[in-house]
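What follows is a set of notes on a single structure, which appears directly below.
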Amino acid sequence: MSESTVRIGVLAPEVLGTYGDSGNALILAERARRRGFPAEIVTVNLSEPIPDQLDLYSLGGGEDTAQALAADHLRSERGLSRAVAAGRPVLAICASLQILGRIYVDAAGNEISGLGLLDLETHPRGERAIGEVVTRPLLPELTQLLTGFENHGGGTRLGPDARPLGEVLAGTGNGFDRVEGAVQGSIIATYLHGPVLARNPELADLLLSQALGQDLAPLELPAIDQLRQERLSDAGVDPAVN
Ligand code: GLN
């Protein structure tokens, strides 16, 4: 393994892989390799300690029972918290957004402690949000609309230390104030599946450039542009706005 290998952790995919979010790590690795950086995906299963020295961490969504197992593991293992304290980039999707918050309440009414890495709380909304989402990103580094697919029962309120990732143009998002996702320190969290990085190369490259500590050369992939046009149109958003 060369020194410049980007090591991308996929945490607990047996329980946080339900929605295909492990694909985010594949996209990160491929986008790194196409720029000449060797990349390695490090799968960390539920029974394993979480290394705190990986370059980037990817966590996916999951159903309530699986999510509770993941929450137990992530709370008892301090590796992810240490990595966040050291400023290592983390992408957390849906159930993982909820787990990284202070607490979340599942559909059965169980209150589960989170890791407290994001200043947010999640409670059942009473109706499930399912469908295409489009947001206008609120991070200055992102200029393109974000597209994804949501499927969650929880609604999330942000506290003052977390800021939203995007302003909702279509779909539900967090369920309050027409915003979606949460950004705090080195964590970017979102309800968007897709996988989100397949649909939003700018977000993938932001995470990758943070992991590598340098700007990246552009990557022209017409198939991704086409996918974005199609998904934005499907959500009723004029792709020309993008
Ligand atoms: N179980 C959580 C909810 O329904 C998260 C679902 C998900 O990860 N898609 O809110």
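Each chain in the structure tokens gets a letter, A, B and so on, in the order shown; residues start at 1 in every chain, and ligands are counted from 1 in the order they appear.
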>> Considering only alpha helix (DSSP H) as DSSP defines it on the backbone, what residues of region 26-230 of chain A qualify? List them as JSON, numbers by chain.
In response: {"A": [26, 27, 28, 29, 30, 31, 32, 33, 64, 65, 66, 67, 68, 69, 70, 71, 72, 73, 74, 75, 76, 79, 80, 81, 82, 83, 84, 85, 95, 96, 97, 98, 99, 100, 196, 197, 198, 199, 201, 202, 203, 204, 205, 206, 207, 208, 209, 210, 211, 212, 222, 223, 224, 225, 226, 227, 228, 229, 230]}
Mind checking which residues fall within 9 Å of Val44 (chain A), counting only C-alpha atoms, ignoring those fewer than 6 positions away in the same chain, and posting them as a compact mmCIF listing (two decimals) with all heavy atoms, in the first residue's frame?
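Contents of selection-v1.txt, freshly written:
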```
# COMPACT_ATOMS: atom_id res chain seq x y z
N GLY A 9 -13.48 4.09 4.88
CA GLY A 9 -14.14 3.13 5.77
C GLY A 9 -15.63 3.03 5.48
O GLY A 9 -16.30 4.05 5.30
N VAL A 10 -16.14 1.82 5.42
CA VAL A 10 -17.58 1.59 5.34
C VAL A 10 -17.97 0.91 6.64
O VAL A 10 -17.55 -0.21 6.90
CB VAL A 10 -17.94 0.69 4.14
CG1 VAL A 10 -19.44 0.43 4.10
CG2 VAL A 10 -17.48 1.31 2.84
N LEU A 11 -18.75 1.61 7.46
CA LEU A 11 -19.02 1.10 8.80
C LEU A 11 -20.32 0.29 8.84
O LEU A 11 -21.36 0.75 8.36
CB LEU A 11 -19.08 2.24 9.81
CG LEU A 11 -17.84 3.16 9.86
CD1 LEU A 11 -17.90 4.07 11.09
CD2 LEU A 11 -16.54 2.37 9.85
N ALA A 12 -20.22 -0.89 9.42
CA ALA A 12 -21.36 -1.77 9.69
C ALA A 12 -22.32 -1.93 8.51
O ALA A 12 -23.53 -1.74 8.66
CB ALA A 12 -22.11 -1.26 10.93
N PRO A 13 -21.79 -2.32 7.33
CA PRO A 13 -22.69 -2.43 6.17
C PRO A 13 -23.74 -3.53 6.31
O PRO A 13 -24.75 -3.50 5.62
CB PRO A 13 -21.73 -2.72 5.00
CG PRO A 13 -20.51 -3.28 5.63
CD PRO A 13 -20.39 -2.65 6.98
N ILE A 50 -13.63 0.03 15.45
CA ILE A 50 -13.61 1.03 14.39
C ILE A 50 -12.28 1.76 14.41
O ILE A 50 -11.96 2.43 15.39
CB ILE A 50 -14.78 2.03 14.57
CG1 ILE A 50 -16.12 1.28 14.48
CG2 ILE A 50 -14.71 3.14 13.52
CD1 ILE A 50 -17.33 2.13 14.81
N PRO A 51 -11.49 1.63 13.34
CA PRO A 51 -10.20 2.34 13.31
C PRO A 51 -10.43 3.85 13.29
O PRO A 51 -11.38 4.32 12.67
CB PRO A 51 -9.55 1.87 12.01
CG PRO A 51 -10.48 0.94 11.33
CD PRO A 51 -11.77 0.89 12.09
```
Please report, as a Markdown table, each residue of chain A lying at most 7 Å from ligand 1, together with the nearest pair of atoms and the separation in Å rounded to one decimal; use only C-alpha atoms and all ligand atoms, and order rows by chain and ascending residue number.
```
| residue | atom | partner | partner_atom_place_in_ligand_line | distance |
| --- | --- | --- | --- | --- |
| A:Tyr19 | CA | ligand 1 | 9 (N) | 6.7 |
| A:Gly60 | CA | ligand 1 | 8 (O) | 6.9 |
| A:Gly61 | CA | ligand 1 | 8 (O) | 3.2 |
| A:Gly62 | CA | ligand 1 | 8 (O) | 4.0 |
| A:Glu63 | CA | ligand 1 | 1 (N) | 4.2 |
| A:Asp64 | CA | ligand 1 | 1 (N) | 4.2 |
| A:Gln67 | CA | ligand 1 | 1 (N) | 6.4 |
| A:Ile93 | CA | ligand 1 | 8 (O) | 6.7 |
| A:Cys94 | CA | ligand 1 | 8 (O) | 4.2 |
| A:Ala95 | CA | ligand 1 | 8 (O) | 3.7 |
| A:Ser96 | CA | ligand 1 | 8 (O) | 6.9 |
| A:Asp106 | CA | ligand 1 | 1 (N) | 6.8 |
| A:Glu150 | CA | ligand 1 | 9 (N) | 6.7 |
| A:Asn151 | CA | ligand 1 | 9 (N) | 4.8 |
| A:His152 | CA | ligand 1 | 4 (O) | 3.6 |
| A:Gly153 | CA | ligand 1 | 4 (O) | 3.8 |
| A:Gly154 | CA | ligand 1 | 10 (O) | 3.7 |
```
>> Restricting the calculation to only C-alpha atoms: of A:Arg102, A:Arg157, A:Arg82, A:Arg33, which residue gets closest to Pro124 (chain A)?
In response: A:Arg157
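Ranking A:Leu146, A:Leu16, A:Ala129, A:Ala71 by their shortest atom-to-atom distance to Gln229 (chain A), with only C-alpha atoms included, puts A:Leu146 first.
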> Pick the closest to Ala86 (chain A) from A:Leu207, A:Ala189, A:Ala107, A:Leu56: which is it, counting only C-alpha atoms?
Replying inline: A:Leu56
>> Between CA of Leu54 (chain A) and CA of Ala217 (chain A), what distance in Å does the model show, to one decimal?
In response: 22.6 Å
> Residues at most 6 Å from Ala39 (chain A), counting only C-alpha atoms, excluding those fewer than 3 positions away in the same chain, as a list in words?
Replying inline: Thr5, Val6, Arg7 and Ala29 of chain A
Residues as selected, C-alpha atoms, written as an mmCIF file, in the first residue's frame, can you do that?
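Wrote selection05.cif, looks like this:
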```
data_model
loop_
_atom_site.group_PDB
_atom_site.id
_atom_site.type_symbol
_atom_site.label_atom_id
_atom_site.label_comp_id
_atom_site.auth_asym_id
_atom_site.auth_seq_id
_atom_site.Cartn_x
_atom_site.Cartn_y
_atom_site.Cartn_z
ATOM 1 C CA THR A 5 -3.626 5.448 -0.726
ATOM 2 C CA VAL A 6 -6.985 6.908 0.288
ATOM 3 C CA ARG A 7 -8.539 4.602 2.878
ATOM 4 C CA ALA A 29 -12.708 5.028 -4.521
#
```
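Each of A:Ala68, A:Leu97, A:Leu212, A:Ala162 was compared to Ala32 (chain A) using only C-alpha atoms, and A:Leu212 turns out to be the nearest.
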>> Which residues are close to Leu74 (chain A), i.e. within 9 Å by only C-alpha atoms, leaving aside same-chain residues fewer than 5 positions away? Reply as a list in words.
In response: Leu11, Ala12, Leu46, Ile50, Leu69, Gly79, Leu80, Ser81, Ile99, Leu100, Gly114 and Leu115 of chain A
>> Considering only strand (DSSP E) as DSSP defines it on the backbone, what residues of region 9-238 of chain A qualify? List them as a ChimeraX atom specification.
In response: /A:9-11,39-44,56-59,90-93,103-105,111-113,120-137,146-158,166-170,179-180,182-184,187-190
> Using only C-alpha atoms, which of the listed residues (A:Ala70, A:Leu221, A:Val179, A:Leu142) sits closest to Gly155 (chain A)?
Replying inline: A:Val179
>> Restricting the calculation to only C-alpha atoms: of A:Gln98, A:Thr65, A:Gln53, A:Thr147, which residue gets closest to Asp234 (chain A)?
In response: A:Thr147
> Which neighbours of Ile8 (chain A) fall inside 7 Å, counting only C-alpha atoms, when residues of the same chain fewer than 3 positions from it are skipped, and could you give them as a ChimeraX atom specification?
Replying inline: /A:25,40-42,54-57
Once you have the residues from the selection above, write them out as a PDB file, in the first residue's frame, restricted to C-alpha atoms.
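Generated file (out_36.pdb):
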```
ATOM      1  CA  ALA A  25     -17.567   4.232  -0.947  1.00  0.00           C
ATOM      2  CA  GLU A  40      -8.828   1.131  -0.612  1.00  0.00           C
ATOM      3  CA  ILE A  41     -12.264   0.400   0.833  1.00  0.00           C
ATOM      4  CA  VAL A  42     -12.005  -0.778   4.436  1.00  0.00           C
ATOM      5  CA  LEU A  54      -9.026   6.149   8.076  1.00  0.00           C
ATOM      6  CA  ASP A  55      -9.077   9.033   5.596  1.00  0.00           C
ATOM      7  CA  LEU A  56     -12.846   9.095   5.126  1.00  0.00           C
ATOM      8  CA  TYR A  57     -15.831   7.344   6.715  1.00  0.00           C
TER       9      TYR A  57
END
```
> If you measure from CA of Leu216 (chain A) to CA of Leu28 (chain A), what distance in Å do you get, rounded to one decimal?
Replying inline: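 Rounded to one decimal, the two atoms are 12.3 Å apart.
Between CA of Leu208 (chain A) and CA of Leu118 (chain A) there is a distance of 20.9 Å.
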Would you kindly return, as a short mmCIF file (atom, residue, chain, number, x, y, z; two decimals) with N, CA and C atoms, in the first residue's frame, each protein, DNA or RNA residue with an atom no farther than 6 Å from any atom of region 169-178 of chain A, considering only C-alpha atoms and excluding same-chain residues fewer than 4 positions away?
```
data_model
loop_
_atom_site.label_atom_id
_atom_site.label_comp_id
_atom_site.auth_asym_id
_atom_site.auth_seq_id
_atom_site.Cartn_x
_atom_site.Cartn_y
_atom_site.Cartn_z
N VAL A 133 -35.98 13.76 -3.92
CA VAL A 133 -35.70 15.01 -3.22
C VAL A 133 -34.73 15.83 -4.06
N VAL A 134 -34.96 17.13 -4.09
CA VAL A 134 -33.96 18.04 -4.69
C VAL A 134 -33.75 19.17 -3.71
N THR A 135 -32.49 19.51 -3.47
CA THR A 135 -32.20 20.65 -2.59
C THR A 135 -31.19 21.57 -3.24
N GLY A 155 -38.37 12.66 11.61
CA GLY A 155 -38.18 14.06 11.24
C GLY A 155 -37.11 14.63 12.18
N THR A 156 -36.26 15.47 11.66
CA THR A 156 -35.08 15.90 12.40
C THR A 156 -35.05 17.41 12.59
#
```
>> At a cut-off of 7 Å, using only C-alpha atoms, what residues contact Ala235 (chain A)? Leave out same-chain residues fewer than 2 positions from it and give the result as a list in words.
In response: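 Once the adjacent positions are removed, what remains is Glu132, Val133, Ala170, Arg231, Leu232, Ser233 and Val237 of chain A.
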I need the chosen residues saved as a JSON list (two decimals), in the first residue's frame, with N, CA, C and O atoms.
```json
[["chain", "number", "residue", "atom", "x", "y", "z"],
["A", 132, "GLU", "N", -38.45, 11.22, -4.44],
["A", 132, "GLU", "CA", -37.33, 12.03, -4.92],
["A", 132, "GLU", "C", -37.20, 13.34, -4.12],
["A", 132, "GLU", "O", -38.22, 13.93, -3.73],
["A", 133, "VAL", "N", -35.98, 13.76, -3.92],
["A", 133, "VAL", "CA", -35.70, 15.01, -3.22],
["A", 133, "VAL", "C", -34.73, 15.83, -4.06],
["A", 133, "VAL", "O", -33.81, 15.26, -4.67],
["A", 170, "ALA", "N", -37.76, 20.10, -3.59],
["A", 170, "ALA", "CA", -38.76, 19.04, -3.83],
["A", 170, "ALA", "C", -38.53, 17.94, -2.81],
["A", 170, "ALA", "O", -37.38, 17.63, -2.49],
["A", 231, "ARG", "N", -33.04, 12.61, -13.14],
["A", 231, "ARG", "CA", -33.54, 12.60, -11.76],
["A", 231, "ARG", "C", -34.16, 13.95, -11.39],
["A", 231, "ARG", "O", -35.17, 14.01, -10.72],
["A", 232, "LEU", "N", -33.54, 15.04, -11.83],
["A", 232, "LEU", "CA", -34.09, 16.37, -11.52],
["A", 232, "LEU", "C", -35.44, 16.56, -12.21],
["A", 232, "LEU", "O", -36.40, 17.03, -11.59],
["A", 233, "SER", "N", -35.52, 16.14, -13.48],
["A", 233, "SER", "CA", -36.80, 16.26, -14.20],
["A", 233, "SER", "C", -37.86, 15.42, -13.51],
["A", 233, "SER", "O", -39.01, 15.85, -13.37],
["A", 237, "VAL", "N", -38.13, 19.36, -11.12],
["A", 237, "VAL", "CA", -37.26, 20.55, -11.08],
["A", 237, "VAL", "C", -36.61, 20.71, -12.45],
["A", 237, "VAL", "O", -36.08, 19.74, -13.01]]
```
